[in-house]
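This is run-v2.cif (mmCIF, C-alpha atoms).
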data_target
loop_
_atom_site.label_atom_id
_atom_site.label_comp_id
_atom_site.auth_asym_id
_atom_site.auth_seq_id
_atom_site.Cartn_x
_atom_site.Cartn_y
_atom_site.Cartn_z
CA MET A 1 -9.00 35.44 53.41
CA ARG A 2 -7.51 38.35 55.37
CA PHE A 3 -10.99 39.77 55.78
CA LEU A 4 -12.30 36.47 57.18
CA LEU A 5 -9.37 36.23 59.58
CA ALA A 6 -10.00 39.80 60.69
CA VAL A 7 -13.68 39.01 61.31
CA LEU A 8 -12.77 35.87 63.26
CA LEU A 9 -10.29 37.81 65.36
CA CYS A 10 -12.91 40.46 66.04
CA ILE A 11 -15.47 37.85 67.12
CA CYS A 12 -12.90 36.08 69.26
CA THR A 13 -11.88 39.33 70.95
CA PHE A 14 -15.51 40.22 71.56
CA ALA A 15 -16.39 36.80 72.97
CA TYR A 16 -13.28 36.62 75.11
CA GLY A 17 -13.87 40.17 76.27
CA GLN A 18 -17.38 39.25 77.30
CA ILE A 19 -16.26 36.17 79.17
CA THR A 20 -13.66 38.35 80.89
CA ASN A 21 -16.23 41.03 81.63
CA THR A 22 -18.56 38.36 82.90
CA ALA A 23 -15.64 37.65 85.25
CA THR A 24 -13.97 34.44 86.19
CA VAL A 25 -12.27 33.31 89.35
CA THR A 26 -9.71 30.60 89.92
CA ILE A 27 -10.86 28.00 92.40
CA ALA A 28 -7.80 26.70 94.21
CA THR A 29 -6.94 23.04 94.61
CA GLY A 30 -8.53 21.72 97.76
CA SER A 31 -10.87 19.34 99.54
CA PHE A 32 -14.45 19.73 100.73
CA THR A 33 -17.29 17.70 102.19
CA MET A 34 -19.66 16.78 99.35
CA GLY A 35 -23.26 15.73 99.86
CA SER A 36 -25.78 16.09 102.66
CA THR A 37 -27.88 14.10 105.10
CA GLU A 38 -30.65 16.71 105.27
CA GLY A 39 -32.00 16.25 101.75
CA LEU A 40 -32.90 13.34 99.48
CA ILE A 41 -31.16 9.98 99.63
CA ASN A 42 -29.37 10.75 96.34
CA GLU A 43 -27.26 13.34 98.21
CA GLU A 44 -25.62 10.60 100.28
CA PRO A 45 -23.16 9.29 101.31
CA VAL A 46 -21.41 12.41 102.54
CA ARG A 47 -17.68 12.17 101.86
CA SER A 48 -14.51 14.20 101.43
CA VAL A 49 -13.63 15.03 97.81
CA ARG A 50 -10.40 16.55 96.53
CA LEU A 51 -10.29 18.64 93.35
CA ASP A 52 -7.59 20.20 91.23
CA SER A 53 -7.75 23.93 90.54
CA PHE A 54 -10.13 25.24 87.87
CA LEU A 55 -11.37 28.54 86.43
CA ILE A 56 -15.13 29.27 86.61
CA THR A 57 -17.37 32.12 85.49
CA THR A 58 -18.70 34.11 88.43
CA MET A 59 -22.07 34.50 86.73
CA GLU A 60 -24.37 32.30 84.70
CA ILE A 61 -23.99 32.59 80.94
CA THR A 62 -26.22 35.42 79.77
CA GLU A 63 -28.37 35.75 76.68
CA GLU A 64 -25.94 38.38 75.38
CA LEU A 65 -22.94 36.07 75.50
CA TRP A 66 -24.96 33.16 74.14
CA ASP A 67 -26.07 35.33 71.22
CA SER A 68 -22.52 36.41 70.37
CA VAL A 69 -21.08 32.89 70.54
CA MET A 70 -23.94 30.98 68.95
CA SER A 71 -25.12 33.73 66.52
CA ASP A 72 -28.65 33.33 67.83
CA SER A 73 -30.38 36.50 66.68
CA ALA A 74 -33.76 35.29 67.90
CA LEU A 75 -33.05 36.41 71.45
CA SER A 76 -34.47 39.68 72.74
CA GLU A 77 -31.91 42.47 73.10
CA ALA A 78 -33.91 43.78 76.03
CA ALA A 79 -32.96 40.76 78.12
CA ASP A 80 -29.21 40.61 77.51
CA SER A 81 -28.26 40.29 81.18
CA ILE A 82 -30.76 37.52 81.88
CA PRO A 83 -29.30 33.99 82.17
CA ILE A 84 -29.76 31.95 79.02
CA ALA A 85 -32.28 29.17 79.77
CA GLY A 86 -34.47 26.76 77.87
CA ILE A 87 -31.51 25.10 76.18
CA SER A 88 -30.49 21.46 76.13
CA TRP A 89 -27.35 20.00 77.68
CA THR A 90 -26.11 19.26 74.17
CA GLU A 91 -26.54 22.91 73.16
CA ALA A 92 -24.66 24.02 76.28
CA ALA A 93 -21.79 21.67 75.38
CA GLN A 94 -21.77 23.03 71.82
CA PHE A 95 -21.56 26.56 73.25
CA CYS A 96 -18.47 25.48 75.19
CA ASN A 97 -16.84 24.20 72.00
CA ASN A 98 -17.75 27.35 70.07
CA LEU A 99 -16.40 29.60 72.78
CA SER A 100 -13.19 27.58 72.97
CA ILE A 101 -12.67 27.94 69.21
CA LEU A 102 -13.30 31.69 69.35
CA CYS A 103 -10.79 31.99 72.18
CA LEU A 104 -8.21 29.85 70.33
CA LEU A 105 -8.41 27.07 72.91
CA ASP A 106 -8.78 23.33 72.48
CA THR A 107 -12.34 22.02 72.34
CA CYS A 108 -13.29 19.56 75.08
CA TYR A 109 -16.38 17.88 73.60
CA ASN A 110 -16.50 15.23 70.90
CA VAL A 111 -19.53 16.32 68.85
CA THR A 112 -20.39 12.72 67.92
CA SER A 113 -20.33 11.08 71.34
CA TRP A 114 -20.35 14.27 73.45
CA ALA A 115 -17.67 12.74 75.62
CA CYS A 116 -15.57 15.39 77.36
CA ASP A 117 -11.77 15.39 77.34
CA THR A 118 -10.98 17.20 80.58
CA SER A 119 -7.26 17.30 79.74
CA LYS A 120 -7.98 19.96 77.08
CA ASN A 121 -7.62 23.65 77.95
CA GLY A 122 -10.96 24.77 76.51
CA TRP A 123 -14.27 25.63 78.14
CA ARG A 124 -16.59 22.92 79.40
CA LEU A 125 -19.42 22.40 81.86
CA PRO A 126 -18.32 21.90 85.46
CA SER A 127 -18.33 18.45 86.95
CA GLU A 128 -20.93 17.95 89.64
CA ALA A 129 -18.18 17.97 92.28
CA GLU A 130 -16.62 21.16 90.87
CA TRP A 131 -20.02 22.82 90.90
CA GLU A 132 -20.74 21.94 94.53
CA TYR A 133 -17.23 22.91 95.66
CA ALA A 134 -17.60 26.31 93.97
CA CYS A 135 -21.12 26.77 95.31
CA ARG A 136 -20.12 26.05 98.88
CA SER A 137 -17.19 28.48 98.61
CA GLY A 138 -15.65 27.19 101.79
CA THR A 139 -18.92 26.93 103.74
CA VAL A 140 -20.64 23.78 105.02
CA ALA A 141 -24.25 25.02 105.38
CA ARG A 142 -27.13 24.42 102.97
CA TRP A 143 -26.66 27.99 101.66
CA TYR A 144 -23.58 30.19 101.37
CA SER A 145 -25.38 33.28 102.73
CA GLY A 146 -23.87 32.86 106.19
CA VAL A 147 -20.69 34.65 105.09
CA HIS A 148 -22.59 37.95 105.22
CA GLU A 149 -22.63 38.93 108.90
CA LYS A 150 -25.93 40.81 108.77
CA ARG A 151 -27.72 38.25 106.61
CA ARG A 152 -26.98 34.94 108.24
CA ASP A 153 -28.81 31.96 106.78
CA ASP A 154 -30.86 34.19 104.46
CA ILE A 155 -31.56 32.44 101.16
CA ASN A 156 -33.26 35.56 99.78
CA ALA A 157 -30.04 37.57 100.13
CA ILE A 158 -28.20 35.32 97.68
CA SER A 159 -30.82 33.92 95.33
CA TRP A 160 -33.88 34.47 93.20
CA ASN A 161 -36.12 31.64 94.37
CA ARG A 162 -39.77 30.75 94.66
CA ALA A 163 -40.27 33.21 97.53
CA ASN A 164 -39.00 36.34 95.77
CA ALA A 165 -38.55 35.80 92.03
CA ASN A 166 -42.16 36.12 90.87
CA TRP A 167 -41.63 32.90 88.87
CA GLU A 168 -39.25 34.48 86.38
CA LEU A 169 -35.55 34.85 85.60
CA HIS A 170 -33.74 37.97 86.77
CA GLU A 171 -30.64 39.87 85.71
CA VAL A 172 -27.45 38.16 86.84
CA ALA A 173 -25.35 39.31 89.82
CA LYS A 174 -28.09 41.29 91.57
CA LYS A 175 -27.85 39.20 94.73
CA ASP A 176 -25.01 38.85 97.24
CA SER A 177 -22.07 36.78 96.05
CA SER A 178 -20.42 33.92 97.86
CA ARG A 179 -17.15 34.55 99.69
CA TRP A 180 -15.38 33.35 96.51
CA GLY A 181 -17.16 35.97 94.41
CA LEU A 182 -19.73 33.72 92.71
CA HIS A 183 -23.27 34.92 91.98
CA ASP A 184 -26.54 33.03 91.49
CA MET A 185 -25.11 29.63 92.31
CA LEU A 186 -28.47 29.00 93.99
CA GLY A 187 -31.72 30.08 92.35
CA ASN A 188 -32.34 32.17 89.22
CA ALA A 189 -31.51 29.53 86.59
CA SER A 190 -30.67 25.96 87.53
CA GLU A 191 -27.40 24.86 85.94
CA TRP A 192 -26.35 21.96 83.75
CA THR A 193 -23.24 20.13 84.89
CA GLY A 194 -21.06 17.86 82.79
CA ASP A 195 -21.86 14.64 84.65
CA TRP A 196 -24.21 11.81 83.84
CA TYR A 197 -26.58 11.26 86.74
CA ALA A 198 -25.94 8.33 89.09
CA THR A 199 -26.27 7.64 92.78
CA TYR A 200 -23.25 8.06 95.02
CA ALA A 201 -23.06 4.29 95.65
CA THR A 202 -19.35 3.91 94.84
CA PRO A 203 -18.08 7.48 94.72
CA ASP A 204 -14.71 8.59 93.47
CA THR A 205 -13.07 11.01 95.86
CA VAL A 206 -10.36 12.64 93.68
CA ASN A 207 -11.52 14.74 90.71
CA PRO A 208 -14.74 12.74 90.20
CA PHE A 209 -16.49 13.23 86.84
CA GLY A 210 -19.38 10.80 87.20
CA PRO A 211 -20.10 7.69 85.12
CA SER A 212 -19.04 7.39 81.48
CA SER A 213 -22.61 7.03 80.23
CA GLY A 214 -26.21 7.36 81.31
CA SER A 215 -29.67 8.63 80.41
CA PHE A 216 -29.83 11.87 82.40
CA ARG A 217 -27.43 14.75 83.04
CA VAL A 218 -27.08 16.32 86.49
CA VAL A 219 -28.57 19.77 87.11
CA ARG A 220 -27.63 21.78 90.19
CA GLY A 221 -28.55 24.91 92.11
CA GLY A 222 -32.31 25.10 91.86
CA SER A 223 -34.15 27.87 90.02
CA PHE A 224 -36.58 30.74 90.45
CA ALA A 225 -39.29 28.06 90.78
CA ASP A 226 -37.66 26.23 93.70
CA GLY A 227 -37.53 26.87 97.43
CA GLY A 228 -34.57 27.27 99.74
CA TYR A 229 -35.30 23.96 101.46
CA SER A 230 -35.88 21.99 98.27
CA TYR A 231 -33.47 22.39 95.35
CA CYS A 232 -31.92 25.77 96.15
CA ARG A 233 -29.29 24.08 98.32
CA ALA A 234 -25.61 23.37 97.73
CA ALA A 235 -26.04 19.58 97.85
CA ALA A 236 -29.40 19.23 96.07
CA ARG A 237 -29.40 17.20 92.85
CA GLN A 238 -31.78 17.14 89.87
CA SER A 239 -31.46 15.54 86.45
CA TYR A 240 -32.86 15.87 82.93
CA LYS A 241 -32.34 14.10 79.65
CA PRO A 242 -29.58 15.92 77.74
CA THR A 243 -31.86 16.64 74.76
CA VAL A 244 -34.69 18.35 76.64
CA LYS A 245 -34.87 22.13 77.09
CA PRO A 246 -36.21 22.99 80.55
CA GLY A 247 -37.26 26.62 80.70
CA MET A 248 -35.52 27.21 84.02
CA VAL A 249 -32.14 25.57 83.29
CA GLY A 250 -29.03 27.47 82.19
CA PHE A 251 -25.32 26.97 82.89
CA ARG A 252 -21.90 28.45 83.62
CA VAL A 253 -18.55 27.25 82.29
CA VAL A 254 -15.15 26.19 83.58
CA ARG A 255 -11.71 25.40 82.21
CA ARG A 256 -8.21 24.58 83.31
CA PRO A 257 -6.39 27.62 84.78
#
Can I see the file as C-alpha cells?
Amino acid sequence: MRFLLAVLLCICTFAYGQITNTATVTIATGSFTMGSTEGLINEEPVRSVRLDSFLITTMEITEELWDSVMSDSALSEAADSIPIAGISWTEAAQFCNNLSILCLLDTCYNVTSWACDTSKNGWRLPSEAEWEYACRSGTVARWYSGVHEKRRDDINAISWNRANANWELHEVAKKDSSRWGLHDMLGNASEWTGDWYATYATPDTVNPFGPSSGSFRVVRGGSFADGGYSYCRAAARQSYKPTVKPGMVGFRVVRRP
C-alpha cells in the first residue's frame, strides 16, 4: 500500500509539475465584447459578457503531458512538444478528470452524463466565453497580434495557419504570445471547449456555459489548416460531435483560481 501511495504521489508530482511547467495564468474577473459582425451569422449578436476569474494553461496540452496523464504509450517521444490532437471531446474531458485526481483536486465531469460541475476546483475545458475572453486578451480585433508594435495585424506572427504551417502541427509556444501570455490561441491545433453548440439567439451575459445538451461541441481557434480570415479569428466558431476525433483538434484546460 505504501508503495502504491508513493507511486501515486510521484505521478501526481510529475503531472502537476508538467502543468506548472506548461505554465498557467490567472485571467482576472472582467467584461469583454463577445462575437463579431465580420464573420458568419453564428458569431452574432455581439454583446458584452462578464466572467469570473479563472486559471488557464498558456499553451495547448502537449503529447508529453497527455502521455503522462493518460498513460498512452503509443505516442511518439519525438513529438512531445506537439499539441495533442486527434482526440474526442469525451477523451479531453476524461483527461481533465484524470489530471484533477493526480493533482488531488475535485473532478468536474460526471463520467456517465459528461455534465460539468463548474463549482468544483478541478480541471475542465474552458467555456466558449472563457476561451474567447482569454484569446482576445484585452484586444477587440480579429487577431491579438496588434499588441506587438512591429507586427501589427500579422496573423503569421502569432499562429501556425494555412499560410505558414505546411499543413502540420508545430511545437507549442514558438509564435508570439498574446499580451496575457497565451500561445497558439489561434492556429496550430483547434481547441475543444466545454460548451454544447448553439446559436447566440438568447445569450446569457454573466458566466455563460452554453445549453445543457446538444449534438455538437464548440471548437475554437482554427488550426494549421485554416486561414486568418476564416477560422483563425477570436470570434470564429466551429463544432464537432463529441465522439469524433478530428486530426487538427486539441485543447487546453482551465480551473478555478
**Request:** Give me the result of the PyMOL selection byres ((chain A and resi 235) around 8) on this file, residue by residue, as a ChimeraX atom specification.
**Result:** /A:34-36,39,43,132,142,233-234,236-237
**Item:** Resolved residues for the PyMOL selection byres ((chain A and resi 187) around 6) as number ranges by chain
**Value:** A: 159-161, 186, 188-189, 222-224, 232
**Request:** To one decimal in Å, tell me the separation between atom CA of Val249 of chain A and atom CA of Arg220 of chain A.
**Result:** 9.1 Å
**Request:** Between atom CA of Gly122 of chain A and atom CA of Leu104 of chain A, measure the distance and give it in Å to one decimal.
**Result:** 8.5 Å
**Prompt:** Between A:Ala225, A:Ala92, A:Val219, A:Leu65, which is the closest to Ala165 of chain A once you count only C-alpha atoms?
**Reply:** A:Ala225
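Here the PyMOL selection byres ((chain A and resi 174) around 12) catches exactly these residues: Met59, Glu60, Ser81, Ile82, Pro83, Asn156, Ala157, Ile158, Ser159, Trp160, Ala165, Leu169, His170, Glu171, Val172, Ala173, Lys175, Asp176, Ser177, Leu182, His183, Asp184, Gly187 and Asn188 of chain A.
The shortest atom-to-atom distance to Trp180 of chain A, with only C-alpha atoms taken into account, belongs to A:Thr139 out of A:Trp114, A:Thr139, A:Ser68, A:Ala93.
Residue nearest Asn97 of chain A, chosen from A:Val140, A:Cys116, A:Ala28, A:Ala85 and counting only C-alpha atoms: A:Cys116.
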**Cut-off 8 Å around (-32.4, 14.5, 82.4) with all atoms listed in the file: residues as a ChimeraX atom specification** = /A:197,215-218,238-244
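Shortest atom-to-atom contact with Ile84 of chain A among A:Met70, A:Leu102, A:Val25, A:Ile61: A:Ile61, counting only C-alpha atoms.
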